[in-house]
Structure formats: structure tokens, C-alpha cells
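Dropping entry.txt in here (compact mmCIF, C-alpha atoms):
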```txt
# COMPACT_ATOMS: atom_id res chain seq x y z
CA MET D 1 105.07 74.33 137.19
CA ILE D 2 103.47 73.71 133.82
CA ASN D 3 100.40 71.48 133.62
CA LYS D 4 101.34 69.33 130.62
CA ARG D 5 97.77 68.38 129.79
CA LEU D 6 96.81 72.04 129.60
CA LEU D 7 99.94 72.80 127.55
CA ILE D 8 98.95 70.18 124.97
CA LYS D 9 95.45 71.64 124.72
CA ASN D 10 96.89 75.12 124.21
CA LEU D 11 99.27 73.87 121.53
CA LEU D 12 96.49 72.08 119.69
CA ALA D 13 94.39 75.24 119.84
CA HIS D 14 96.71 76.62 117.14
CA ASN D 15 95.19 73.91 114.89
CA ASP D 16 97.95 73.88 112.29
CA GLU D 17 101.47 72.64 112.89
CA SER D 18 104.03 75.41 112.86
CA SER D 19 107.71 76.17 113.10
CA PHE D 20 107.63 75.50 116.87
CA TYR D 21 105.40 72.45 117.16
CA ASP D 22 104.45 69.30 115.30
CA LYS D 23 101.89 66.57 115.93
CA LYS D 24 101.95 62.85 115.18
CA ARG D 25 99.45 59.99 115.29
CA GLN D 26 102.01 57.68 116.89
CA LEU D 27 105.71 57.27 117.54
CA ASN D 28 107.40 54.38 115.72
CA LEU D 29 110.99 53.79 116.78
CA HIS D 30 111.03 50.09 115.92
CA THR D 31 112.32 50.72 112.37
CA LYS D 32 115.07 52.81 110.80
CA GLU D 33 112.45 54.69 108.77
CA GLY D 34 110.51 55.62 111.92
CA LYS D 35 113.67 56.73 113.71
CA ALA D 36 114.76 58.81 110.71
CA LYS D 37 111.43 60.63 110.54
CA PHE D 38 111.47 61.39 114.25
CA LEU D 39 115.07 62.63 114.18
CA LYS D 40 114.33 64.77 111.13
CA HIS D 41 111.58 66.63 113.00
CA ILE D 42 113.76 67.03 116.11
CA CYS D 43 116.55 68.50 113.97
CA ALA D 44 114.21 70.86 112.08
CA LEU D 45 112.35 72.18 115.12
CA SER D 46 115.58 72.70 117.04
CA ASN D 47 117.20 74.65 114.20
CA SER D 48 114.13 76.80 113.60
CA ASN D 49 113.69 77.72 117.29
CA PRO D 50 117.08 78.38 118.89
CA SER D 51 115.58 80.82 121.43
CA ASN D 52 112.56 78.92 122.80
CA ASN D 53 111.15 75.47 123.45
CA SER D 54 109.70 73.49 120.58
CA TYR D 55 107.16 70.67 120.95
CA ILE D 56 105.97 67.48 119.30
CA VAL D 57 102.58 66.10 120.40
CA VAL D 58 102.14 62.33 119.87
CA GLY D 59 98.75 60.62 119.85
CA VAL D 60 96.69 63.16 117.92
CA GLU D 61 94.91 62.84 114.57
CA ASP D 62 96.41 65.18 112.01
CA GLN D 63 93.20 66.31 110.34
CA ASP D 64 90.87 67.18 113.21
CA ASN D 65 93.14 67.21 116.31
CA GLU D 66 91.21 64.33 117.87
CA ILE D 67 93.14 63.03 120.88
CA THR D 68 93.42 59.26 120.32
CA GLY D 69 96.49 58.56 122.47
CA ASP D 70 99.50 56.27 122.07
CA ASP D 71 101.27 53.67 124.21
CA PHE D 72 103.28 54.63 127.29
CA PHE D 73 106.86 55.34 126.19
CA ASP D 74 110.04 55.58 128.27
CA ASP D 75 111.61 58.98 127.70
CA SER D 76 115.11 58.29 128.99
CA ARG D 77 116.11 56.35 125.88
CA ILE D 78 115.12 58.97 123.29
CA GLN D 79 117.87 61.39 124.29
CA ASN D 80 120.41 58.63 123.62
CA LEU D 81 118.95 58.13 120.14
CA VAL D 82 119.16 61.86 119.38
CA ASN D 83 122.74 62.03 120.67
CA ALA D 84 123.73 59.04 118.53
CA PHE D 85 122.65 60.57 115.20
CA LEU D 86 122.71 64.37 115.57
CA GLU D 87 125.71 66.67 115.90
CA ASN D 88 124.99 69.54 118.33
CA PRO D 89 121.93 67.63 119.59
CA PRO D 90 119.30 69.54 121.54
CA LYS D 91 118.24 68.36 124.99
CA ILE D 92 114.85 66.74 124.72
CA GLN D 93 112.31 65.37 127.17
CA TYR D 94 109.52 62.89 126.48
CA GLU D 95 106.57 62.88 128.88
CA ASN D 96 103.51 60.64 129.00
CA VAL D 97 100.42 62.74 129.67
CA PRO D 98 97.12 61.04 130.62
CA PHE D 99 93.77 62.39 129.41
CA PRO D 100 90.40 61.59 131.04
CA ASN D 101 88.78 60.29 127.84
CA LEU D 102 91.58 57.82 127.06
CA PRO D 103 91.93 54.21 128.32
CA LYS D 104 94.30 53.75 131.25
CA ASP D 105 96.99 52.25 129.00
CA LYS D 106 96.94 55.18 126.55
CA VAL D 107 98.56 58.60 126.94
CA VAL D 108 99.49 61.59 124.82
CA GLY D 109 103.24 61.91 124.34
CA LEU D 110 104.78 65.35 124.72
CA VAL D 111 108.29 65.89 123.34
CA THR D 112 109.93 69.10 124.57
CA ILE D 113 112.94 70.29 122.56
CA LYS D 114 115.07 72.71 124.56
CA PRO D 115 116.56 75.84 122.92
CA LYS D 116 120.20 75.91 121.84
CA SER D 117 122.41 78.16 119.72
CA LYS D 118 124.34 75.76 117.46
CA THR D 119 122.89 74.22 114.29
CA SER D 120 121.99 70.53 114.51
CA PHE D 121 122.77 68.18 111.62
CA PHE D 122 123.04 64.45 110.99
CA LYS D 123 126.43 62.98 111.79
CA LYS D 124 125.48 59.50 110.54
CA ASN D 125 123.34 58.10 107.73
CA ILE D 126 119.98 56.64 108.71
CA HIS D 127 117.41 55.27 106.25
CA THR D 128 117.24 57.85 103.41
CA VAL D 129 118.77 60.72 105.41
CA LEU D 130 122.44 61.30 104.57
CA VAL D 131 125.26 62.43 106.82
CA ASN D 132 125.66 66.23 107.21
CA THR D 133 122.02 66.91 106.23
CA VAL D 134 120.47 69.94 107.96
CA PHE D 135 116.69 70.28 108.41
CA VAL D 136 114.54 73.34 109.13
CA ARG D 137 110.81 73.99 109.48
CA ARG D 138 108.88 75.65 106.69
CA GLY D 139 105.35 76.03 108.01
CA SER D 140 104.30 72.50 108.96
CA ASN D 141 107.03 70.72 106.99
CA SER D 142 110.55 69.65 107.95
CA ILE D 143 112.76 70.13 104.89
CA PRO D 144 116.49 69.82 104.18
CA THR D 145 118.46 72.99 103.51
CA GLU D 146 121.96 73.96 102.45
CA GLU D 147 121.54 77.62 103.38
CA LYS D 148 123.02 79.15 106.50
CA ILE D 149 120.36 79.27 109.20
CA PRO D 150 119.93 82.75 110.73
CA TYR D 151 119.47 83.02 114.50
CA SER D 152 115.72 83.49 115.00
CA LYS D 153 113.63 84.89 117.83
CA GLN D 154 110.34 84.88 115.95
CA ASN D 155 108.42 82.48 118.24
CA ILE D 156 109.61 83.60 121.67
CA GLU D 157 106.55 85.66 122.63
CA THR D 158 104.08 83.09 121.28
CA VAL D 159 105.67 80.14 123.07
CA ILE D 160 106.07 82.04 126.36
CA SER D 161 102.41 83.04 126.19
CA ILE D 162 101.30 79.42 125.61
CA GLU D 163 103.47 78.17 128.47
CA ASN D 164 102.31 80.90 130.87
CA ASN D 165 98.69 80.03 130.11
CA SER D 166 99.44 76.41 131.02
CA ARG D 167 100.65 76.98 134.59
CA ASN D 168 99.35 74.68 137.30
CA SER D 169 96.96 75.63 140.09
CA ILE D 170 95.66 74.11 143.31
CA ALA D 171 92.41 73.29 141.51
CA TYR D 172 94.19 71.32 138.77
CA THR D 173 96.21 69.41 141.37
CA LEU D 174 93.18 68.50 143.50
CA ASP D 175 91.16 67.55 140.44
CA GLY D 176 94.04 65.35 139.32
CA VAL D 177 94.25 63.47 142.63
CA ILE D 178 90.48 62.93 142.79
CA ASP D 179 90.34 61.77 139.17
CA PHE D 180 93.24 59.35 139.69
CA VAL D 181 91.84 57.75 142.87
CA ASN D 182 88.06 57.85 142.29
CA ASN D 183 87.71 57.49 138.55
CA ARG D 184 90.66 56.00 136.70
CA HIS D 185 91.64 53.54 139.46
CA LYS D 186 88.51 52.96 141.45
CA ASP D 187 88.94 49.17 141.05
CA ILE D 188 92.57 49.09 142.31
CA PRO D 189 94.04 50.29 145.63
CA SER D 190 95.56 53.76 145.26
CA LYS D 191 97.81 55.94 147.43
CA TYR D 192 99.30 59.40 147.30
CA LYS D 193 102.25 61.16 148.92
CA VAL D 194 103.01 64.89 149.19
CA PHE D 195 106.65 65.97 148.92
CA LYS D 196 108.00 69.33 150.08
CA GLU D 197 104.42 70.62 150.53
CA LEU D 198 104.30 71.05 146.76
CA PHE D 199 104.62 67.84 144.73
CA VAL D 200 102.00 65.09 144.75
CA ILE D 201 102.65 61.56 143.49
CA CYS D 202 99.73 59.13 143.12
CA TRP D 203 100.18 55.45 142.46
CA SER D 204 97.98 52.38 142.13
CA GLY D 205 98.70 48.68 141.83
CA ILE D 206 97.89 45.22 143.11
CA SER D 207 100.35 44.13 145.79
CA LYS D 208 101.72 40.66 146.32
CA LYS D 209 104.54 39.17 148.38
CA VAL D 210 107.22 36.99 146.85
CA ARG D 211 109.91 35.73 149.23
CA GLU D 212 109.11 38.47 151.76
CA LYS D 213 109.40 41.23 149.14
CA THR D 214 106.34 43.28 148.11
CA PHE D 215 105.72 43.75 144.40
CA PHE D 216 103.03 45.72 142.64
CA SER D 217 101.44 44.74 139.32
CA ARG D 218 99.09 46.71 137.03
CA VAL D 219 101.08 49.73 138.15
CA ASP D 220 100.28 53.34 137.32
CA ILE D 221 102.36 56.15 138.87
CA GLU D 222 101.71 59.81 138.15
CA LEU D 223 103.24 63.14 139.14
CA ILE D 224 99.95 64.97 139.55
CA ASN D 225 101.31 68.54 139.52
CA GLU D 226 102.42 68.23 135.91
CA GLN D 227 99.89 65.58 134.81
CA VAL D 228 102.73 63.23 133.80
CA LYS D 229 102.86 59.45 134.10
CA LEU D 230 106.14 58.39 135.69
CA PHE D 231 105.51 54.69 135.12
CA TYR D 232 102.87 52.44 133.61
CA SER D 233 102.86 48.69 132.96
CA ALA D 234 100.10 46.13 132.74
CA GLN D 235 102.59 43.24 132.83
CA ASP D 236 105.78 43.94 134.74
CA ASP D 237 106.14 44.13 138.51
CA VAL D 238 107.72 46.93 140.52
CA SER D 239 108.76 47.68 144.07
CA ILE D 240 108.10 51.14 145.53
CA GLU D 241 110.04 52.88 148.29
CA TYR D 242 109.82 56.46 149.51
CA ASP D 243 110.85 58.82 152.29
CA GLU D 244 110.35 62.55 152.84
CA ASN D 245 112.61 63.55 149.95
CA THR D 246 112.64 60.72 147.42
CA PHE D 247 110.37 58.26 145.62
CA THR D 248 112.06 55.18 144.13
CA ILE D 249 110.62 52.75 141.57
CA THR D 250 112.46 49.50 140.84
CA GLU D 251 111.11 47.64 137.83
CA TYR D 252 111.35 43.86 137.54
CA VAL D 253 110.67 41.53 134.62
CA GLN D 254 109.63 37.88 134.85
CA LEU D 255 111.72 35.82 132.46
CA GLY D 256 112.14 32.12 131.91
CA LEU D 257 111.50 29.14 129.66
CA ASN D 258 108.89 26.39 129.80
CA ASP D 259 106.72 28.26 132.34
CA LYS D 260 109.60 28.48 134.82
CA THR D 261 110.12 32.18 135.49
CA SER D 262 112.06 34.29 137.97
CA TYR D 263 112.13 37.99 138.84
CA TYR D 264 115.02 40.01 137.40
CA PRO D 265 115.55 43.67 138.39
CA LEU D 266 115.56 45.80 135.25
CA GLU D 267 115.78 49.48 136.13
CA ARG D 268 115.72 51.76 139.15
CA GLN D 269 114.17 55.23 138.87
CA LYS D 270 114.68 57.68 141.73
CA ILE D 271 112.79 60.99 141.93
CA SER D 272 114.34 63.50 144.33
CA PHE D 273 112.44 66.59 145.48
CA PHE D 274 114.06 69.81 146.68
CA ASP D 275 112.97 72.74 148.85
CA ASN D 276 113.48 75.22 145.98
CA GLY D 277 110.59 73.74 143.94
CA TYR D 278 112.62 71.53 141.63
CA TYR D 279 112.84 67.79 141.20
CA LYS D 280 115.36 65.44 139.62
CA ILE D 281 114.89 62.03 138.05
CA GLU D 282 117.82 59.61 138.01
CA THR D 283 117.57 56.35 136.11
CA GLU D 284 119.91 53.40 136.59
CA MET D 285 119.91 50.26 134.44
CA ILE D 286 120.54 47.25 136.72
CA PHE D 287 119.54 44.41 134.39
CA GLU D 288 121.57 41.20 134.22
CA PRO D 289 119.83 38.91 131.69
CA PRO D 290 119.53 35.20 132.50
CA GLN D 291 121.91 32.92 130.59
CA TYR D 292 120.84 29.55 129.20
CA ASN D 293 122.46 26.53 127.58
CA ARG D 294 123.07 27.30 123.90
CA LYS D 295 121.78 23.93 122.65
CA VAL D 296 118.55 24.28 124.64
CA LEU D 297 117.99 27.80 123.34
CA PHE D 298 118.67 26.72 119.76
CA HIS D 299 115.81 24.22 120.04
CA VAL D 300 113.52 26.79 121.69
CA TYR D 301 114.38 29.42 119.05
CA ASN D 302 113.55 27.11 116.15
CA SER D 303 110.30 26.02 117.80
CA THR D 304 109.33 29.68 118.21
CA LEU D 305 110.05 30.44 114.55
CA THR D 306 107.88 27.45 113.60
CA LEU D 307 105.02 28.95 115.62
CA LEU D 308 105.44 32.27 113.80
CA THR D 309 105.33 30.47 110.46
CA LYS D 310 102.08 28.75 111.43
CA LEU D 311 100.68 32.09 112.56
CA GLN D 312 101.64 33.68 109.25
CA LYS D 313 99.89 30.89 107.33
CA SER D 314 96.78 31.11 109.59
CA GLN D 315 97.07 27.45 110.57
CA GLU D 316 95.28 25.91 113.53
CA PHE D 317 97.05 25.72 116.90
CA THR D 318 96.82 23.18 119.68
CA ASP D 319 95.89 24.37 123.17
CA ARG D 320 99.56 24.13 124.18
CA GLU D 321 100.64 26.17 121.15
CA GLU D 322 98.08 28.86 122.01
CA LEU D 323 99.79 29.26 125.38
CA ASP D 324 103.20 29.27 123.74
CA LEU D 325 102.03 32.11 121.46
CA GLU D 326 101.72 34.36 124.50
CA ASN D 327 105.36 33.64 125.33
CA ILE D 328 106.75 34.35 121.84
CA PRO D 329 107.88 37.92 122.66
CA SER D 330 109.64 37.03 125.91
CA THR D 331 111.18 33.88 124.40
CA LEU D 332 112.63 35.82 121.47
CA MET D 333 113.93 38.45 123.89
CA ILE D 334 115.73 35.77 125.94
CA CYS D 335 117.22 34.37 122.73
CA PHE D 336 118.37 37.83 121.66
CA LEU D 337 119.95 38.55 125.04
CA ASN D 338 121.78 35.22 124.77
CA GLY D 339 123.41 35.98 121.46
CA PHE D 340 120.78 35.08 118.86
CA VAL D 341 121.20 38.38 117.03
CA ASP D 342 118.35 37.79 114.55
CA ALA D 343 115.76 37.17 117.27
CA LYS D 344 114.94 40.83 117.83
CA GLN D 345 114.39 41.49 114.12
CA LYS D 346 112.19 38.40 113.88
CA LEU D 347 110.09 39.81 116.71
CA ILE D 348 109.78 43.23 115.05
CA GLU D 349 108.77 41.63 111.75
CA ALA D 350 106.05 39.66 113.55
CA LYS D 351 104.44 42.80 115.03
CA SER D 352 101.44 42.89 112.66
CA LEU D 353 100.78 39.16 113.09
CA LEU D 354 100.82 39.41 116.88
CA LYS D 355 98.68 42.55 116.83
CA GLU D 356 95.98 40.91 114.72
CA HIS D 357 95.82 37.73 116.79
CA LYS D 358 92.51 37.12 118.57
CA ASN D 359 94.22 36.86 121.96
CA TYR D 360 95.02 40.48 122.84
CA VAL D 361 97.50 39.32 125.52
CA VAL D 362 99.92 38.28 122.75
CA TYR D 363 100.27 41.85 121.48
CA ASP D 364 100.37 43.28 125.01
CA HIS D 365 103.37 41.03 125.68
CA PHE D 366 104.98 42.24 122.46
CA LYS D 367 104.71 45.88 123.54
CA GLU D 368 106.14 45.14 126.98
CA VAL D 369 109.09 43.23 125.53
CA MET D 370 109.88 46.00 123.04
CA ARG D 371 109.81 48.48 125.92
CA VAL D 372 112.33 46.37 127.85
CA LEU D 373 114.57 45.95 124.79
CA ARG D 374 114.61 49.72 124.23
CA LYS D 375 115.74 50.19 127.81
CA VAL D 376 118.48 47.60 127.45
CA LYS D 377 119.72 49.10 124.16
CA TYR D 378 119.80 52.70 125.32
CA GLY D 379 120.73 52.02 128.95
CA GLY D 380 122.07 54.99 130.87
CA ASN D 381 121.07 57.82 133.20
CA ASN D 382 118.56 60.55 132.55
CA ILE D 383 118.60 63.56 134.87
CA ARG D 384 116.29 66.52 134.44
```
Could you show the structure in this file as C-alpha cells?
Amino acid sequence: MINKRLLIKNLLAHNDESSFYDKKRQLNLHTKEGKAKFLKHICALSNSNPSNNSYIVVGVEDQDNEITGDDFFDDSRIQNLVNAFLENPPKIQYENVPFPNLPKDKVVGLVTIKPKSKTSFFKKNIHTVLVNTVFVRRGSNSIPTEEKIPYSKQNIETVISIENNSRNSIAYTLDGVIDFVNNRHKDIPSKYKVFKELFVICWSGISKKVREKTFFSRVDIELINEQVKLFYSAQDDVSIEYDENTFTITEYVQLGLNDKTSYYPLERQKISFFDNGYYKIETEMIFEPPQYNRKVLFHVYNSTLTLLTKLQKSQEFTDREELDLENIPSTLMICFLNGFVDAKQKLIEAKSLLKEHKNYVVYDHFKEVMRVLRKVKYGGNNIR
């Protein structure tokens, strides 16, 4: 198995981006422009490396390779995005890789683009990229081309060498468990479980019982062997179940209006381990959004937009309005899921205002809501 943290270090050791890897400060899939840029790089790297894996490292400064990290990102939705816009799409995998020097809520994203023989191109317009456009890599740039792309094997030896030098060891695994339990989560109860005498999952969280069911909050779950976060959330609650062969995470979201919230199951993720040294992740969307009276929601929606206007104008808030600010993201999500189609765009447009607000919880709630909305939009299964 490949230690993903070590793989990232070995990729960055090349310093300059190349025809088989790219690096980004952050991933922005909230806008059409951000999606277009990401898809352009996927298309170019795939076409330039039909015989080996290609990589994109997210959360790294471009100039000096400083590892600054990015937010935890759910990988199962990105494949759906690639499939929606690219013809002959490559199989891709997004993994969240923790680093010791980063805060617990920050990771480095690793996008792996699997090799394939057919040329990828855009089958739909997005932002400034037109249908039928083909991209390739020229050094560190992704550029459009109208030339026929020859089948290349130029990077096979280099990529294989990097991957072989990133293989896991008992020392890396033990160090990972000790670091997870004793350093990164010394203030929260932690557990670990060994599967098939080979795989180690560590998890931490604060447990609580609601109607005889145990939930965990402030949850961090990591597959230690590959240094990959399987789940992270500072807000949402999850239930955890496991046996000798499987580890199942069911994510819940608390939704409601006027401080009256209930738990709604969002997604179930099941990791199955096999005797031959492989594992499989299956993801099932199980979310049924709460439905509210249209007239009540219309009033709530307008009140929320009024709050955003006051925030934009830097006006003073009452104590009650300060509390309502924290609920803006979840309120707009409820409105969107109940047919207020503009609510999601209003939330996206408010990102900078919420991020700059003195109460950091407001922006944390924004990030959690956007994560849930991505899952709802690109719902489906992801098996690897």
C-alpha cells in the first residue's frame, strides 16, 4: 500500500509542476469558473499520461511548495462532476491526507487520475471552455490543442519510481497510530481497530446518546495505513458500527427552524476489507430533507435575506440576530431543498461576508452546509 503523505512529499520534491502532476493552493468547486479550471487540468493530465497515474496536490503554495492545507473534501462527488462534463472521462480519486504541522481541520488533497487509452474532451460548455475542446499538458500548463494526441509512455518509469518510494511500512503505520491518539486527539477519546491483520482505522469523537442511539461529534476517522482521512466534521454527528470485516459510518445532519432541530440521516459509508489485501468503499445517499409549509418558509427566507443585507452594509445586529447569523447557511439550505431555487446561489454569493464575520462559527457552518449540498447534488455510489 502507498503511504499518501509520503507520496505527496515525493511529488513535491520535483519542485516544478510537470506533465504528470499539478499543484493548487485550494480547490474551488462552488463556481463554474472553479469547476472549469479543475476539469481542464483533469482533462490535460489524463490525455498527457495514458500509461500511468497522474496527480494533483491541493493545499500547497505554488512558489515555495509550503504545505498550507485545505478543507476536508468528499471525494465521491468529484467523479460525478468529471463524468458530467468530459467524454471518455478518466477514473479519479480524491483523498484527504493529514499532515502533522496542519490544524486538525486542514488536510492536503490528493487527486489521483487513473491511466486510460482514449482521449478525453469536453462534451458540454462550462464557463469559457467550449464543447469538444481537448486539453494537454505542456510543462506546467494545461493548454487546448487541435492536434492528434500520440500515445505516450514518457512518464511511466518516473511515476513508478515515485510510487515505489512511497510504499508503507510497519514504522509508518505505528507512528501514524501514536500520532493520531497521543498528539492530534489527546483531548478527545480515541479508538482503533485492526482489520485482516493489515488495515488500521483510528477514530476520535465525543459520544452522546439521543433516544438510545449513540452519536459522535467532532469526528475524525483515518485509515492509518495510507494516511487518509475517511471522514472529518466539526459540526455534524455520525454513528459508527463495525465487525471483523467492515467499518460503517452513517452521517447525520441537524436541521430545523427557530432552534427546533432534528437528526436526519444523510449518507452511509461502508468500508469492506478483504483477505487479499484490498478494501472497498461503498457510499449510499439516504437523505430525505424535511419539508415545511411554503408560507412559513417564504417569511423565513425573506428574513434571512434581510440579515445578509445588513451584514453586507456592516450594520449593527441585535443579540437575537447574532444567533440567527449562525443559522443562515442551514436556513438557506432548508429553503433550497424546499424549492427556493435561488437560495443556494444566495448562500454562495455570501461566502466572503460570512468568512470575514468576527464569529468564526458562521463560516464553519457555511463550509459544512456546502459539503452537504455537494453530497445531495452528486448523490450516488463510489466504489474503489
Practice prompt. Quick one: pull the distance between atom CA of Val362 of chain D and atom CA of Leu325 of chain D, Å, one decimal.
Written response: 6.6 Å
Practice prompt. Determine, counting all atoms listed in the file, which protein, DNA and RNA residues have an atom within 12 Å of an atom of Leu130 of chain D; residues of the same chain fewer than 4 positions away are not included. Present the result as number ranges by chain.
Written response: D: 36, 40, 85-86, 121-126, 134-135, 144
Selection from above, C-alpha atoms, as a short mmCIF file (atom, residue, chain, number, x, y, z; two decimals), in the coordinates of the input, can you write it?
```
data_model
loop_
_atom_site.label_atom_id
_atom_site.label_comp_id
_atom_site.auth_asym_id
_atom_site.auth_seq_id
_atom_site.Cartn_x
_atom_site.Cartn_y
_atom_site.Cartn_z
CA ALA D 36 114.76 58.81 110.71
CA LYS D 40 114.33 64.77 111.13
CA PHE D 85 122.65 60.57 115.20
CA LEU D 86 122.71 64.37 115.57
CA PHE D 121 122.77 68.18 111.62
CA PHE D 122 123.04 64.45 110.99
CA LYS D 123 126.43 62.98 111.79
CA LYS D 124 125.48 59.50 110.54
CA ASN D 125 123.34 58.10 107.73
CA ILE D 126 119.98 56.64 108.71
CA VAL D 134 120.47 69.94 107.96
CA PHE D 135 116.69 70.28 108.41
CA PRO D 144 116.49 69.82 104.18
#
```
Discussion item. For a quick check of understanding, using only C-alpha atoms, which of D:Thr112, D:Asn245, D:Ser233, D:Gln269 has the smallest distance to Val369 of chain D?
Written reply: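 Going through D:Thr112, D:Asn245, D:Ser233, D:Gln269 one by one, the smallest distance to Val369 of chain D is for D:Ser233.
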Practice prompt. Please identify all polymer residues within 12 Å of Ile206 of chain D, counting all atoms listed in the file, omitting same-chain residues fewer than 5 positions from it, and present them as a VMD selection string.
Written response: chain D and resid 185 187 to 191 214 to 220 233 to 239
Fill in: Contacts of Tyr192 of chain D at 7 Å (all atoms listed in the file; same-chain gap of 4+ positions) as a ChimeraX atom specification
/D:200-203
Fill in: Nearest candidate to Glu66 of chain D (options D:Gln93, D:Asn101, D:Ser51, D:Thr128; using only C-alpha atoms)
D:Asn101
Practice prompt. State, in Å with one decimal place, the distance from atom CA of Glu222 of chain D to atom CA of Pro90 of chain D.
Written response: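 If I compute the distance from atom CA of Glu222 of chain D to atom CA of Pro90 of chain D, I get 26.1 Å.
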Item to complete: Go ahead and compute the interatomic distance for atom CA of Ser48 of chain D and atom CA of Leu6 of chain D, in Å to one decimal.
Response: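 Answer for the atom CA of Ser48 of chain D to atom CA of Leu6 of chain D separation: 24.1 Å.
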Worksheet item: Using all atoms listed in the file, which of the listed residues (D:Ser142, D:Asn65, D:Asn293, D:Gln154) sits closest to Phe38 of chain D?
Response: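 Among the listed residues, the smallest separation from Phe38 of chain D belongs to D:Ser142.
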Discussion item. Which residue is closest to Asn359 of chain D? Choose from D:Leu323, D:Val177, D:Ala13, D:Ile42 and count all atoms listed in the file.
Written reply: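 Among D:Leu323, D:Val177, D:Ala13, D:Ile42, it is D:Leu323 that comes nearest to Asn359 of chain D.
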Item to complete: Check the smallest atom-to-atom distance from each of D:Val376, D:Leu110, D:Leu223, D:Ala343 to Pro265 of chain D using all atoms listed in the file, then report the winner.
Response: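 Counting all atoms listed in the file, the residue closest to Pro265 of chain D is D:Val376.
Nearest to Thr331 of chain D of all the residues D:Lys104, D:His365, D:Lys32, D:Lys313 is D:His365, based on all atoms listed in the file.
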Practice prompt. Could you give me, as a PyMOL selection string, the residues within 10 Å of Ile8 of chain D, counting all atoms listed in the file and dropping anything in the same chain fewer than 2 positions from it?
Written response: chain D and resi 3-6+10-13+55-58+97+108-110+162-163+166
Discussion item. List the spatial neighbours of Lys344 of chain D as JSON, numbers by chain - criterion: any atom at most 12 Å away, only C-alpha atoms, same-chain residues fewer than 2 positions off excluded.
Written reply: {"D": [30, 31, 301, 305, 328, 329, 330, 331, 332, 333, 334, 335, 336, 337, 338, 339, 340, 341, 342, 346, 347, 348, 349, 350, 351, 366, 369, 370, 372, 373, 374, 377]}
Supply segment 53-68 of chain D as a CSV table (one decimal), in the coordinates of the input, with N, CA, C and O atoms built in where the input has gaps.
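In the end it all went to out21.csv:
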```csv
chain,number,residue,atom,x,y,z
D,53,ASN,N,111.5,76.9,123.5
D,53,ASN,CA,111.2,75.5,123.4
D,53,ASN,C,110.4,75.2,122.2
D,53,ASN,O,109.6,76.0,121.7
D,54,SER,N,110.5,74.0,121.7
D,54,SER,CA,109.7,73.5,120.6
D,54,SER,C,109.0,72.2,121.1
D,54,SER,O,109.5,71.6,122.0
D,55,TYR,N,107.9,71.8,120.4
D,55,TYR,CA,107.2,70.7,121.0
D,55,TYR,C,106.7,69.8,119.8
D,55,TYR,O,106.4,70.2,118.7
D,56,ILE,N,106.6,68.5,120.2
D,56,ILE,CA,106.0,67.5,119.3
D,56,ILE,C,104.9,66.8,120.2
D,56,ILE,O,105.2,66.3,121.2
D,57,VAL,N,103.7,66.8,119.7
D,57,VAL,CA,102.6,66.1,120.4
D,57,VAL,C,102.3,64.8,119.7
D,57,VAL,O,102.0,64.8,118.5
D,58,VAL,N,102.3,63.7,120.4
D,58,VAL,CA,102.1,62.3,119.9
D,58,VAL,C,100.8,61.7,120.4
D,58,VAL,O,100.6,61.7,121.6
D,59,GLY,N,100.0,61.2,119.5
D,59,GLY,CA,98.8,60.6,119.8
D,59,GLY,C,97.6,61.5,119.5
D,59,GLY,O,96.5,61.4,120.1
D,60,VAL,N,97.7,62.2,118.4
D,60,VAL,CA,96.7,63.2,117.9
D,60,VAL,C,96.5,63.0,116.4
D,60,VAL,O,97.4,62.9,115.7
D,61,GLU,N,95.2,62.9,116.0
D,61,GLU,CA,94.9,62.8,114.6
D,61,GLU,C,95.3,64.1,113.9
D,61,GLU,O,95.0,65.2,114.4
D,62,ASP,N,95.9,64.0,112.7
D,62,ASP,CA,96.4,65.2,112.0
D,62,ASP,C,95.3,66.1,111.5
D,62,ASP,O,95.4,67.3,111.5
D,63,GLN,N,94.2,65.5,111.0
D,63,GLN,CA,93.2,66.3,110.3
D,63,GLN,C,92.3,67.1,111.3
D,63,GLN,O,92.1,68.3,111.1
D,64,ASP,N,91.9,66.5,112.4
D,64,ASP,CA,90.9,67.2,113.2
D,64,ASP,C,91.3,67.4,114.7
D,64,ASP,O,90.5,67.8,115.5
D,65,ASN,N,92.6,67.1,114.9
D,65,ASN,CA,93.1,67.2,116.3
D,65,ASN,C,92.5,66.3,117.3
D,65,ASN,O,92.6,66.6,118.5
D,66,GLU,N,91.8,65.2,116.9
D,66,GLU,CA,91.2,64.3,117.9
D,66,GLU,C,92.3,63.7,118.7
D,66,GLU,O,93.3,63.1,118.1
D,67,ILE,N,92.2,63.6,120.0
D,67,ILE,CA,93.1,63.0,120.9
D,67,ILE,C,92.8,61.5,121.0
D,67,ILE,O,91.9,61.1,121.6
D,68,THR,N,93.6,60.7,120.3
D,68,THR,CA,93.4,59.3,120.3
D,68,THR,C,94.4,58.5,121.2
D,68,THR,O,94.2,57.4,121.6
```
